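Asker: Below is coords.cif; it holds mmCIF, C-alpha atoms.
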data_model
#
loop_
_atom_site.label_atom_id
_atom_site.label_comp_id
_atom_site.auth_asym_id
_atom_site.auth_seq_id
_atom_site.Cartn_x
_atom_site.Cartn_y
_atom_site.Cartn_z
CA MET A 1 0.00 0.00 0.00
CA PRO A 2 1.47 3.42 -0.94
CA SER A 3 2.61 5.65 1.92
CA ALA A 4 0.19 8.39 3.00
CA ILE A 5 3.02 10.88 3.41
CA TYR A 6 5.79 12.29 1.22
CA ILE A 7 8.63 14.18 2.92
CA ASN A 8 10.35 16.92 0.91
CA PRO A 9 13.63 17.70 2.77
CA PRO A 10 14.92 20.49 0.44
CA ALA A 11 11.91 22.62 1.41
CA ARG A 12 13.29 23.10 4.91
CA THR A 13 15.87 25.67 3.80
CA TRP A 14 14.10 27.06 0.71
CA ARG A 15 12.87 30.64 0.88
CA PHE A 16 10.43 32.43 -1.39
CA VAL A 17 11.86 35.54 -3.03
CA ALA A 18 9.36 37.87 -4.67
CA ARG A 19 10.39 38.84 -8.19
CA GLN A 20 9.09 42.37 -7.74
CA PRO A 21 8.22 44.63 -4.80
CA SER A 22 5.29 43.31 -2.80
CA SER A 23 1.99 44.61 -4.15
CA PHE A 24 0.97 45.16 -0.53
CA ASN A 25 3.74 47.72 0.07
CA ALA A 26 4.36 49.14 -3.40
CA SER A 27 2.57 52.43 -2.80
CA PRO A 28 0.78 54.07 0.14
CA THR A 29 -2.12 54.88 -2.21
CA ARG A 30 -2.41 51.39 -3.71
CA LEU A 31 -5.48 49.40 -2.73
CA THR A 32 -4.29 46.20 -1.06
CA PRO A 33 -6.39 43.03 -0.77
CA HIS A 34 -6.73 43.51 2.98
CA ASP A 35 -7.89 47.12 2.52
CA PHE A 36 -10.30 45.95 -0.18
CA HIS A 37 -11.80 43.27 2.05
CA ARG A 38 -12.18 45.62 5.02
CA GLN A 39 -14.14 48.07 2.88
CA LEU A 40 -16.71 45.47 1.84
CA PRO A 41 -19.87 45.69 3.99
CA PHE A 42 -19.72 42.01 4.95
CA TYR A 43 -16.10 41.91 6.20
CA ASN A 44 -15.43 39.96 9.38
CA LEU A 45 -12.38 38.71 11.24
CA ALA A 46 -12.28 34.90 11.17
CA PRO A 47 -11.51 33.49 14.64
CA LEU A 48 -8.54 31.42 15.77
CA HIS A 49 -9.33 28.60 18.23
CA SER A 50 -6.87 26.94 20.60
CA LEU A 51 -7.05 23.16 21.06
CA PRO A 52 -4.95 22.48 24.17
CA ALA A 53 -6.27 18.94 24.62
CA VAL A 54 -5.21 18.02 21.07
CA ALA A 55 -1.80 19.61 21.59
CA ALA A 56 -1.28 17.68 24.83
CA SER A 57 -2.34 14.37 23.29
CA LEU A 58 0.12 14.80 20.42
CA GLY A 59 2.99 16.17 22.51
CA LEU A 60 2.91 19.65 20.96
CA SER A 61 3.01 23.14 22.47
CA HIS A 62 0.00 24.62 20.68
CA VAL A 63 -2.54 23.46 18.11
CA LEU A 64 -4.52 26.38 16.72
CA VAL A 65 -7.38 26.37 14.21
CA LYS A 66 -7.89 29.30 11.83
CA ASP A 67 -11.65 28.98 11.46
CA GLU A 68 -12.94 30.02 8.03
CA SER A 69 -16.40 28.54 8.59
CA SER A 70 -18.14 31.91 8.33
CA ARG A 71 -16.25 34.27 6.07
CA PHE A 72 -18.25 37.14 4.59
CA GLY A 73 -21.47 35.23 5.27
CA LEU A 74 -20.28 32.12 3.43
CA PRO A 75 -18.95 28.87 4.94
CA ALA A 76 -15.44 28.94 3.46
CA PHE A 77 -12.27 30.97 2.90
CA LYS A 78 -12.66 30.97 -0.89
CA ILE A 79 -14.40 34.33 -1.03
CA LEU A 80 -11.17 36.07 0.02
CA GLY A 81 -9.49 35.09 -3.25
CA ALA A 82 -12.70 35.12 -5.29
CA SER A 83 -13.68 38.67 -4.32
CA TRP A 84 -10.28 40.21 -5.07
CA ALA A 85 -9.82 38.29 -8.33
CA PHE A 86 -13.37 39.06 -9.49
CA TYR A 87 -12.90 42.76 -8.77
CA ARG A 88 -9.46 43.01 -10.38
CA ALA A 89 -10.46 41.03 -13.47
CA VAL A 90 -13.64 43.01 -14.14
CA CYS A 91 -11.87 46.34 -13.55
CA GLU A 92 -9.16 45.36 -16.02
CA HIS A 93 -11.74 44.17 -18.57
CA LEU A 94 -13.56 47.50 -18.29
CA GLY A 95 -10.33 49.51 -18.35
CA VAL A 96 -10.97 51.24 -15.01
CA ASP A 97 -8.56 51.88 -12.14
CA PHE A 98 -9.10 49.30 -9.40
CA ASN A 99 -7.68 51.75 -6.83
CA ARG A 100 -10.76 53.96 -7.17
CA THR A 101 -12.76 52.91 -4.15
CA GLU A 102 -16.10 54.04 -5.56
CA PHE A 103 -16.08 50.84 -7.60
CA LEU A 104 -16.22 48.84 -4.37
CA LYS A 105 -19.80 49.93 -3.72
CA SER A 106 -22.61 47.52 -4.49
CA GLY A 107 -23.67 47.50 -8.13
CA VAL A 108 -21.28 50.19 -9.36
CA LEU A 109 -19.24 47.89 -11.62
CA GLY A 110 -22.49 46.64 -13.15
CA GLU A 111 -23.46 50.22 -13.91
CA VAL A 112 -20.12 50.72 -15.71
CA VAL A 113 -20.79 47.55 -17.72
CA ARG A 114 -24.11 48.96 -18.92
CA GLU A 115 -22.73 52.44 -19.56
CA ARG A 116 -20.12 50.95 -21.87
CA GLY A 117 -22.61 48.85 -23.80
CA MET A 118 -21.33 45.53 -22.43
CA ASN A 119 -24.70 44.26 -21.24
CA GLY A 120 -23.93 40.71 -22.37
CA LEU A 121 -20.79 40.43 -20.21
CA LYS A 122 -20.70 37.25 -18.16
CA VAL A 123 -18.05 36.12 -15.71
CA LEU A 124 -17.36 32.39 -16.15
CA THR A 125 -15.90 30.07 -13.56
CA THR A 126 -15.88 26.47 -12.44
CA THR A 127 -16.06 24.92 -9.00
CA GLU A 128 -16.36 21.91 -6.75
CA GLY A 129 -18.59 24.02 -4.48
CA ASN A 130 -17.33 26.86 -2.29
CA TRP A 131 -15.44 28.80 -4.96
CA GLY A 132 -18.51 28.93 -7.20
CA ARG A 133 -20.75 30.11 -4.40
CA ALA A 134 -18.24 32.86 -3.55
CA MET A 135 -18.05 33.97 -7.18
CA ALA A 136 -21.84 34.01 -7.39
CA LYS A 137 -22.06 36.22 -4.29
CA MET A 138 -19.54 38.68 -5.70
CA GLY A 139 -21.30 38.74 -9.07
CA ALA A 140 -24.54 39.67 -7.33
CA TYR A 141 -22.78 42.29 -5.20
CA PHE A 142 -20.98 43.96 -8.09
CA GLY A 143 -23.96 43.61 -10.45
CA VAL A 144 -22.18 41.46 -13.05
CA ASP A 145 -23.76 38.26 -14.41
CA THR A 146 -21.93 35.09 -13.35
CA VAL A 147 -22.05 31.58 -14.83
CA VAL A 148 -20.69 28.68 -12.78
CA TYR A 149 -19.75 25.36 -14.43
CA VAL A 150 -19.92 22.36 -12.10
CA PRO A 151 -19.00 18.66 -12.41
CA GLU A 152 -21.78 16.13 -12.83
CA HIS A 153 -21.16 14.50 -9.44
CA MET A 154 -21.93 17.72 -7.53
CA VAL A 155 -25.01 17.18 -5.40
CA GLU A 156 -28.12 19.19 -6.25
CA GLU A 157 -28.10 20.86 -2.83
CA THR A 158 -24.74 22.49 -3.61
CA ARG A 159 -25.87 23.55 -7.08
CA GLU A 160 -28.92 25.20 -5.55
CA LEU A 161 -26.82 27.11 -3.03
CA ILE A 162 -24.86 28.61 -5.93
CA ARG A 163 -28.07 29.52 -7.75
CA GLU A 164 -29.43 31.15 -4.61
CA GLU A 165 -26.44 33.51 -4.63
CA GLY A 166 -27.58 34.69 -8.06
CA ALA A 167 -25.50 32.74 -10.59
CA GLU A 168 -26.45 30.53 -13.51
CA VAL A 169 -25.26 26.94 -13.02
CA VAL A 170 -24.14 24.76 -15.94
CA VAL A 171 -23.61 21.05 -15.22
CA VAL A 172 -20.98 19.32 -17.38
CA ASP A 173 -20.78 15.63 -18.24
CA GLY A 174 -17.52 15.02 -16.39
CA ASP A 175 -15.29 16.02 -13.47
CA TYR A 176 -13.70 19.32 -12.38
CA ASP A 177 -11.00 19.22 -15.07
CA TYR A 178 -13.70 18.69 -17.69
CA ALA A 179 -15.56 21.72 -16.33
CA VAL A 180 -12.40 23.82 -16.67
CA ALA A 181 -12.09 22.76 -20.31
CA ALA A 182 -15.75 23.69 -20.92
CA VAL A 183 -15.23 27.19 -19.51
CA MET A 184 -12.12 27.69 -21.64
CA LYS A 185 -13.97 26.62 -24.78
CA ARG A 186 -16.86 28.97 -24.16
CA ALA A 187 -14.54 31.90 -23.41
CA GLU A 188 -12.63 31.26 -26.64
CA ASN A 189 -15.83 31.40 -28.68
CA ASP A 190 -17.57 34.31 -26.95
CA ASP A 191 -15.87 37.69 -26.52
CA ARG A 192 -18.54 38.68 -23.97
CA SER A 193 -17.27 36.01 -21.57
CA LEU A 194 -14.62 36.70 -18.93
CA MET A 195 -12.93 33.75 -17.19
CA VAL A 196 -12.21 34.16 -13.48
CA MET A 197 -10.88 30.85 -12.17
CA ASP A 198 -8.57 29.93 -9.30
CA ILE A 199 -6.31 27.86 -11.49
CA SER A 200 -3.61 28.96 -13.92
CA PHE A 201 -2.31 27.55 -17.18
CA GLU A 202 -0.12 28.85 -20.00
CA GLY A 203 -1.36 32.31 -21.00
CA TYR A 204 -3.69 32.58 -18.00
CA GLU A 205 -1.73 33.61 -14.92
CA ASP A 206 -2.87 37.06 -13.76
CA VAL A 207 -6.22 36.00 -12.32
CA GLN A 208 -4.73 33.17 -10.27
CA LYS A 209 -2.11 35.63 -8.98
CA TRP A 210 -4.93 37.86 -7.74
CA VAL A 211 -6.60 34.85 -6.13
CA VAL A 212 -3.44 34.10 -4.16
CA GLU A 213 -3.09 37.77 -3.19
CA GLY A 214 -6.65 37.71 -1.84
CA TYR A 215 -5.79 34.92 0.57
CA GLN A 216 -3.15 37.14 2.18
CA THR A 217 -5.90 38.65 4.34
CA MET A 218 -6.36 35.31 6.09
CA LEU A 219 -2.61 34.94 6.63
CA ASP A 220 -2.17 38.47 7.98
CA GLU A 221 -5.00 37.90 10.44
CA SER A 222 -3.58 34.55 11.48
CA ASP A 223 -0.10 35.93 12.20
CA GLU A 224 -1.49 38.48 14.65
CA GLN A 225 -3.85 35.99 16.28
CA VAL A 226 -1.17 33.32 16.72
CA THR A 227 1.22 35.65 18.55
CA LEU A 228 -1.61 36.79 20.84
CA ALA A 229 -2.69 33.21 21.58
CA THR A 230 0.84 31.96 22.33
CA GLY A 231 2.33 34.88 24.20
CA GLY A 232 4.44 36.08 21.29
CA LYS A 233 5.39 32.83 19.55
CA PHE A 234 5.14 32.32 15.79
CA ALA A 235 3.73 29.30 14.00
CA THR A 236 6.33 26.58 13.48
CA HIS A 237 4.06 24.45 11.26
CA THR A 238 1.09 25.34 9.07
CA ILE A 239 -1.20 22.69 7.58
CA VAL A 240 -3.20 23.65 4.52
CA PRO A 241 -5.58 21.78 2.20
CA VAL A 242 -4.71 21.44 -1.47
CA GLY A 243 -7.15 21.46 -4.35
CA CYS A 244 -5.78 23.12 -7.47
CA GLY A 245 -3.08 24.65 -5.26
CA SER A 246 -3.81 28.38 -4.95
CA ILE A 247 -4.32 28.59 -1.18
CA ALA A 248 -1.35 26.28 -0.57
CA GLN A 249 0.75 28.50 -2.84
CA GLY A 250 -0.24 31.54 -0.81
CA VAL A 251 0.63 29.80 2.45
CA VAL A 252 4.03 28.65 1.18
CA GLN A 253 4.94 32.08 -0.18
CA HIS A 254 3.96 33.63 3.14
CA CYS A 255 5.51 31.11 5.53
CA LYS A 256 8.71 30.69 3.51
CA SER A 257 9.16 34.38 2.66
CA GLU A 258 12.77 35.59 2.57
CA GLU A 259 11.47 39.04 3.50
CA ARG A 260 9.83 37.69 6.68
CA GLU A 261 13.01 35.92 7.68
CA ARG A 262 15.08 39.05 7.03
CA ASN A 263 12.70 41.12 9.16
CA GLY A 264 13.00 38.71 12.07
CA THR A 265 9.61 37.05 11.62
CA ALA A 266 10.08 33.33 11.96
CA THR A 267 9.38 31.11 8.99
CA GLY A 268 7.83 27.68 9.47
CA ALA A 269 7.19 24.34 7.86
CA VAL A 270 4.23 23.89 5.52
CA ILE A 271 2.37 20.58 5.38
CA ALA A 272 -0.09 20.07 2.54
CA VAL A 273 -3.08 17.73 2.75
CA GLU A 274 -5.00 16.12 -0.12
CA PRO A 275 -7.88 13.65 -0.39
CA ILE A 276 -7.01 10.12 -1.40
CA THR A 277 -9.22 10.62 -4.47
CA ALA A 278 -7.17 13.50 -5.89
CA ALA A 279 -3.60 13.41 -4.59
CA CYS A 280 -2.05 15.25 -7.52
CA LEU A 281 0.49 17.19 -5.42
CA LYS A 282 1.90 14.07 -3.81
CA ALA A 283 2.08 12.37 -7.23
CA SER A 284 3.81 15.44 -8.65
CA LEU A 285 6.36 15.58 -5.83
CA GLU A 286 7.11 11.87 -6.20
CA ASN A 287 7.52 12.19 -9.99
CA GLY A 288 9.47 15.44 -9.87
CA LYS A 289 7.10 17.02 -12.37
CA ALA A 290 3.51 18.24 -12.48
CA THR A 291 1.32 15.15 -12.67
CA SER A 292 -2.43 14.97 -13.17
CA VAL A 293 -4.43 12.17 -11.57
CA LYS A 294 -7.84 10.72 -12.25
CA THR A 295 -10.22 11.83 -9.51
CA GLY A 296 -12.92 9.94 -7.68
CA ILE A 297 -15.85 11.04 -5.57
CA SER A 298 -14.90 12.44 -2.16
CA ILE A 299 -16.55 14.01 0.87
CA MET A 300 -13.63 16.47 0.59
CA CYS A 301 -15.15 17.72 -2.65
CA GLY A 302 -13.63 21.21 -2.48
CA MET A 303 -10.18 19.61 -2.69
CA ASN A 304 -11.10 17.08 -5.35
CA CYS A 305 -8.96 18.50 -8.18
CA GLY A 306 -6.76 16.25 -10.26
CA THR A 307 -4.51 18.93 -11.77
CA LEU A 308 -2.42 21.60 -10.06
CA SER A 309 -2.36 25.21 -11.18
CA THR A 310 0.74 25.79 -13.29
CA ALA A 311 1.67 28.83 -11.18
CA ALA A 312 1.26 26.93 -7.91
CA TRP A 313 3.27 23.82 -8.80
CA PRO A 314 6.84 25.24 -8.77
CA ILE A 315 6.18 27.03 -5.47
CA LEU A 316 4.74 23.90 -3.89
CA GLN A 317 7.52 21.71 -5.25
CA ALA A 318 10.13 23.98 -3.70
CA GLY A 319 8.43 24.94 -0.44
CA VAL A 320 6.09 22.20 0.81
CA ASP A 321 7.81 20.23 3.58
CA ALA A 322 5.40 17.29 3.40
CA SER A 323 2.40 16.15 1.42
CA ILE A 324 -0.11 14.03 3.32
CA VAL A 325 -2.96 12.05 1.81
CA VAL A 326 -6.11 11.70 3.92
CA GLY A 327 -8.75 9.03 3.48
CA GLU A 328 -12.49 9.51 3.66
CA SER A 329 -12.93 7.95 7.10
CA GLU A 330 -9.99 9.92 8.50
CA ALA A 331 -11.56 13.19 7.34
CA HIS A 332 -14.95 12.19 8.77
CA HIS A 333 -13.49 11.30 12.17
CA ALA A 334 -11.63 14.62 12.19
CA VAL A 335 -14.96 16.40 11.63
CA LEU A 336 -16.36 14.55 14.66
CA GLY A 337 -13.27 15.32 16.73
CA LEU A 338 -13.46 19.03 16.03
CA ASP A 339 -17.18 19.05 16.71
CA GLU A 340 -16.53 17.64 20.19
CA LEU A 341 -14.23 20.63 20.75
CA ALA A 342 -16.94 23.09 19.57
CA VAL A 343 -15.24 23.76 16.23
CA LYS A 344 -17.72 23.26 13.42
CA ALA A 345 -16.00 22.11 10.23
CA GLY A 346 -16.67 20.33 6.99
CA PRO A 347 -14.46 17.50 5.70
CA CYS A 348 -12.10 19.82 3.80
CA GLY A 349 -11.53 21.98 6.86
CA ALA A 350 -11.16 19.01 9.19
CA SER A 351 -8.70 17.29 6.86
CA THR A 352 -5.92 19.38 8.39
CA LEU A 353 -6.48 17.77 11.80
CA ALA A 354 -6.46 14.34 10.17
CA ALA A 355 -3.17 15.24 8.47
CA LEU A 356 -1.63 16.39 11.76
CA ARG A 357 -2.49 13.07 13.35
CA ILE A 358 -0.85 11.21 10.46
CA ALA A 359 2.22 13.46 10.64
CA CYS A 360 2.65 12.85 14.37
CA THR A 361 2.31 9.10 13.86
CA ALA A 362 4.38 8.61 10.70
CA ALA A 363 6.96 11.40 10.61
CA LYS A 364 6.99 13.37 13.86
CA ALA A 365 10.77 13.54 14.22
CA LYS A 366 11.41 14.15 10.51
CA LEU A 367 9.02 17.10 10.55
CA ARG A 368 10.41 18.41 13.85
CA LEU A 369 7.06 18.23 15.57
CA ASP A 370 7.77 18.33 19.30
CA GLU A 371 6.87 19.95 22.61
CA HIS A 372 7.92 23.37 21.25
CA SER A 373 5.80 23.24 18.09
CA VAL A 374 3.07 25.77 17.36
CA VAL A 375 0.81 24.24 14.69
CA VAL A 376 -1.83 26.17 12.75
CA LEU A 377 -4.58 24.18 11.06
CA ASN A 378 -6.28 26.08 8.26
CA CYS A 379 -9.91 25.02 8.60
CA THR A 380 -11.11 26.13 5.19
CA GLU A 381 -14.82 25.34 5.35
CA GLY A 382 -17.72 25.12 7.74
CA PRO A 383 -20.06 22.19 8.38
CA ARG A 384 -22.14 20.76 5.54
CA GLY A 385 -24.00 17.61 4.71
CA TYR A 386 -22.17 14.65 3.18
CA ILE A 387 -22.53 10.91 2.88
CA ILE A 388 -20.79 9.34 5.86
CA PRO A 389 -18.11 6.92 4.66
CA THR A 390 -18.37 3.30 5.74
#
Go through the file and emit its structure as structure tokens.
Answerer:
Amino acid sequence: MPSAIYINPPARTWRFVARQPSSFNASPTRLTPHDFHRQLPFYNLAPLHSLPAVAASLGLSHVLVKDESSRFGLPAFKILGASWAFYRAVCEHLGVDFNRTEFLKSGVLGEVVRERGMNGLKVLTTTEGNWGRAMAKMGAYFGVDTVVYVPEHMVEETRELIREEGAEVVVVDGDYDYAVAAVMKRAENDDRSLMVMDISFEGYEDVQKWVVEGYQTMLDESDEQVTLATGGKFATHTIVPVGCGSIAQGVVQHCKSEERERNGTATGAVIAVEPITAACLKASLENGKATSVKTGISIMCGMNCGTLSTAAWPILQAGVDASIVVGESEAHHAVLGLDELAVKAGPCGASTLAALRIACTAAKAKLRLDEHSVVVLNCTEGPRGYIIPT
């Protein structure tokens, strides 16, 4: 039976070096993602929970959960990247300056669309669930029509949640990768269509870059909350779910930043977690090249992507310290374990706890997990219905 964990020793000393000045510090007048999010009427600070009983049972100093179960009124972190990427992409398409904060008001971008005779403009995306719902919410807020392509195995309940946010839902006869291909084909044949997806490929990198930038809000919040919760300590390990790779890319770039190290802010190890049905990162690390895998059906549906973003892969290859594959039952039991501790999570969010348990069992010493470790679990989604694995 294949191992559930892949250790990547070179990542321990690798540091991320930005190729250009950080967009967050480039100009005092530049609108940053965090500023953008705080100016939206539904902004909220996602909480950080301490799990001392879990830390004690695993022989660790602190286990902390960054709880994204209620972000901007939705049950997942995805809207952080979706909102910033949606806004930046539509502003660029319209040729307007994204720094002008009047465009952040509800419906204003839609008014610009109509003023410029672009009434047929539709933002296209694809999803396994939470990303599509976030895009639909932002489309309704900004007043721009949104079409969400979904794989055939998505349950009707999830499709309806996306529709309720105001988007059109198109069901494809295939999986997530097939839905991506369908969006690309439509965009190629319709100049009124604008793709905004959280995956990159050759010739399509800017939007995914904005997605990753949007997730910086979560990481900035987490840094401050961790030091408060631990009496001034920094995270030594961060565990993050992987789907197409965008959030994991953001975490690696942040935790392994050369700039943070130079400024005296400790860097830490990054552990990635994938479902057994779509372990494309682990396969890629083992093969030394980006590798797609055939996906199956998973209760961790938001992570059920068989192909990594082309922009994410080189960052993950260089900076992920370990890739851990979690089974369906392990994710389910992690949901139950968090629930007992009053943390409400879905299988994707709880997968990070399952991965921590595997890491402490299979590679504790190799990953330097010990009584001094401060571990942050990125709980990326709130509770939802799913078929309990047997």
Asker: Rounded to one decimal place, report the atom CA of A:Leu316-atom CA of A:Leu228 distance in Å.
Answerer: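 If I compute the distance from atom CA of A:Leu316 to atom CA of A:Leu228, I get 28.6 Å.
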Asker: Check which residues satisfy the PyMOL selection byres ((chain A and resi 8) around 12) in the file shown, then give them as a PyMOL selection string.
Answerer: chain A and resi 5-7+9-14+269-272+281-282+284-286+288+316-324+363+366-367
Asker: Rank nothing, just name the residue among A:Lys256, A:Ala18, A:Val112, A:Gly296 nearest to A:His237, using all atoms listed in the file.
Answerer: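 Closest candidate: A:Lys256.
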Asker: Which residues fall under the PyMOL selection byres ((chain A and resi 303) around 10) in this file, as a short mmCIF file (atom, residue, chain, number, x, y, z; two decimals) with C-alpha atoms, in the frame of the given file?
Answerer:
data_model
loop_
_atom_site.label_atom_id
_atom_site.label_comp_id
_atom_site.auth_asym_id
_atom_site.auth_seq_id
_atom_site.Cartn_x
_atom_site.Cartn_y
_atom_site.Cartn_z
CA GLU A 128 -16.36 21.91 -6.75
CA GLY A 129 -18.59 24.02 -4.48
CA PRO A 241 -5.58 21.78 2.20
CA VAL A 242 -4.71 21.44 -1.47
CA GLY A 243 -7.15 21.46 -4.35
CA CYS A 244 -5.78 23.12 -7.47
CA GLY A 245 -3.08 24.65 -5.26
CA VAL A 273 -3.08 17.73 2.75
CA GLU A 274 -5.00 16.12 -0.12
CA PRO A 275 -7.88 13.65 -0.39
CA THR A 277 -9.22 10.62 -4.47
CA ALA A 278 -7.17 13.50 -5.89
CA ALA A 279 -3.60 13.41 -4.59
CA SER A 298 -14.90 12.44 -2.16
CA ILE A 299 -16.55 14.01 0.87
CA MET A 300 -13.63 16.47 0.59
CA CYS A 301 -15.15 17.72 -2.65
CA GLY A 302 -13.63 21.21 -2.48
CA ASN A 304 -11.10 17.08 -5.35
CA CYS A 305 -8.96 18.50 -8.18
CA GLY A 306 -6.76 16.25 -10.26
CA PRO A 347 -14.46 17.50 5.70
CA CYS A 348 -12.10 19.82 3.80
CA GLY A 349 -11.53 21.98 6.86
CA SER A 351 -8.70 17.29 6.86
#
Asker: Determine, counting all atoms listed in the file, which protein, DNA and RNA residues have an atom within 6 Å of an atom of stretch 327-340 of chain A; residues of the same chain fewer than 4 positions away are not included. Present the result as a list in words.
Answerer: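 Listing them by chain and then by number gives Ile276, Lys344, Ala345, Pro347, Ala350, Ser351, Ala354 and Pro389 of chain A.
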Asker: Just say which residues the PyMOL selection byres ((chain A and resi 113) around 12) picks in this file, as a list of chain:residue names.
Answerer: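 Output from the PyMOL selection byres ((chain A and resi 113) around 12), applied to this file: A:Val90, A:Cys91, A:Glu92, A:His93, A:Leu94, A:Gly95, A:Val96, A:Phe103, A:Gly107, A:Val108, A:Leu109, A:Gly110, A:Glu111, A:Val112, A:Arg114, A:Glu115, A:Arg116, A:Gly117, A:Met118, A:Asn119, A:Gly120, A:Leu121, A:Lys122, A:Val123, A:Phe142, A:Gly143, A:Val144, A:Asp145, A:Arg192.
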Asker: If I take atom CA of A:Val148 and atom CA of A:Leu377, how far is one from the other in Å, to one decimal?
Answerer: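 So the two atoms, atom CA of A:Val148 and atom CA of A:Leu377, lie 29.1 Å apart.
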Asker: Quick one: pull the distance between atom CA of A:Leu194 and atom CA of A:Thr125, Å, one decimal.
Answerer: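 Computing the Euclidean distance for atom CA of A:Leu194 and atom CA of A:Thr125 yields 8.6 Å.
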Asker: Kindly indicate which residue among A:Ser257, A:Asn263, A:Thr32, A:Thr352 lies nearest to A:Tyr215, using only C-alpha atoms for the distances.
Answerer: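 Result for the nearest residue to A:Tyr215: A:Thr32.
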Asker: Compute the distance from (-29.3, 23.9, -16.1) to each atom, counting all atoms listed in the file, keep the residues with any atom at most 12 Å away, and return them as a count of residues only; use the coordinates of the file.
Answerer: 15
Asker: When you look at A:Val211 with a cut-off of 8 Å (counting all atoms listed in the file), what residues show up, excluding the ones that are within fewer than 3 positions of it in the same chain? I need them as number ranges by chain.
Answerer: A: 80-82, 84-85, 198, 207-208, 214-215, 246
Asker: Show me the residues close to (-14.5, 31.7, 10.6) - anything with an atom within 9 Å, counting only C-alpha atoms - and format the list as JSON, numbers by chain.
Answerer: {"A": [44, 45, 46, 47, 48, 66, 67, 68, 69, 70, 71, 72, 75, 76, 77, 379, 380, 381, 382]}
Asker: Just write the chosen residues, C-alpha atoms, as a PDB file, in the frame of the given file.
Answerer:
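Ended up saving to selection07.pdb:
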ATOM      1  CA  ASN A  44     -15.430  39.960   9.380  1.00  0.00           C
ATOM      2  CA  LEU A  45     -12.380  38.710  11.240  1.00  0.00           C
ATOM      3  CA  ALA A  46     -12.280  34.900  11.170  1.00  0.00           C
ATOM      4  CA  PRO A  47     -11.510  33.490  14.640  1.00  0.00           C
ATOM      5  CA  LEU A  48      -8.540  31.420  15.770  1.00  0.00           C
ATOM      6  CA  LYS A  66      -7.890  29.300  11.830  1.00  0.00           C
ATOM      7  CA  ASP A  67     -11.650  28.980  11.460  1.00  0.00           C
ATOM      8  CA  GLU A  68     -12.940  30.020   8.030  1.00  0.00           C
ATOM      9  CA  SER A  69     -16.400  28.540   8.590  1.00  0.00           C
ATOM     10  CA  SER A  70     -18.140  31.910   8.330  1.00  0.00           C
ATOM     11  CA  ARG A  71     -16.250  34.270   6.070  1.00  0.00           C
ATOM     12  CA  PHE A  72     -18.250  37.140   4.590  1.00  0.00           C
ATOM     13  CA  PRO A  75     -18.950  28.870   4.940  1.00  0.00           C
ATOM     14  CA  ALA A  76     -15.440  28.940   3.460  1.00  0.00           C
ATOM     15  CA  PHE A  77     -12.270  30.970   2.900  1.00  0.00           C
ATOM     16  CA  CYS A 379      -9.910  25.020   8.600  1.00  0.00           C
ATOM     17  CA  THR A 380     -11.110  26.130   5.190  1.00  0.00           C
ATOM     18  CA  GLU A 381     -14.820  25.340   5.350  1.00  0.00           C
ATOM     19  CA  GLY A 382     -17.720  25.120   7.740  1.00  0.00           C
TER      20      GLY A 382
END
Asker: Quick one: axis-aligned box around all listed atoms of stretch 37-44 of chain A, 6 Å on every side, centre and edge lengths in Å to one decimal, written as JSON.
Answerer:
{"center_x": -15.8, "center_y": 44.0, "center_z": 5.6, "size_x": 20.1, "size_y": 20.1, "size_z": 19.5}
Asker: Measuring atom to atom with all atoms listed in the file, identify which of A:Thr267, A:Ser3, A:Thr126, A:Thr361 is nearest to A:Gln253.
Answerer: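 Ranking A:Thr267, A:Ser3, A:Thr126, A:Thr361 by distance to A:Gln253, first place goes to A:Thr267.
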Asker: Can you work out which one of A:Val180, A:Leu60, A:Ile315, A:Ala136 has the shortest atom-to-atom distance to A:Arg15, counting all atoms listed in the file?
Answerer: A:Ile315
Asker: Show me, as an mmCIF file with C-alpha atoms, keeping the file's coordinate frame, the residues that have an atom within 9 Å of A:Phe234 when counting all atoms listed in the file, minus same-chain residues fewer than 6 positions from it.
Answerer:
data_model
loop_
_atom_site.group_PDB
_atom_site.id
_atom_site.type_symbol
_atom_site.label_atom_id
_atom_site.label_comp_id
_atom_site.auth_asym_id
_atom_site.auth_seq_id
_atom_site.Cartn_x
_atom_site.Cartn_y
_atom_site.Cartn_z
ATOM 1 C CA ASP A 223 -0.100 35.930 12.200
ATOM 2 C CA VAL A 226 -1.170 33.320 16.720
ATOM 3 C CA THR A 227 1.220 35.650 18.550
ATOM 4 C CA THR A 265 9.610 37.050 11.620
ATOM 5 C CA ALA A 266 10.080 33.330 11.960
ATOM 6 C CA THR A 267 9.380 31.110 8.990
ATOM 7 C CA GLY A 268 7.830 27.680 9.470
ATOM 8 C CA VAL A 374 3.070 25.770 17.360
#
Asker: May I have the residues within 9 Å of A:Met184 as a VMD selection string, using all atoms listed in the file and disregarding those fewer than 5 positions away in the same chain?
Answerer: chain A and resid 124 179 189 195
Asker: Output C-alpha atoms for every residue in the selection just made, as an mmCIF file, in the coordinates of the input.
Answerer:
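Produced file again_24.cif, reproduced below:
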data_model
loop_
_atom_site.group_PDB
_atom_site.id
_atom_site.type_symbol
_atom_site.label_atom_id
_atom_site.label_comp_id
_atom_site.auth_asym_id
_atom_site.auth_seq_id
_atom_site.Cartn_x
_atom_site.Cartn_y
_atom_site.Cartn_z
ATOM 1 C CA LEU A 124 -17.360 32.390 -16.150
ATOM 2 C CA ALA A 179 -15.560 21.720 -16.330
ATOM 3 C CA ASN A 189 -15.830 31.400 -28.680
ATOM 4 C CA MET A 195 -12.930 33.750 -17.190
#
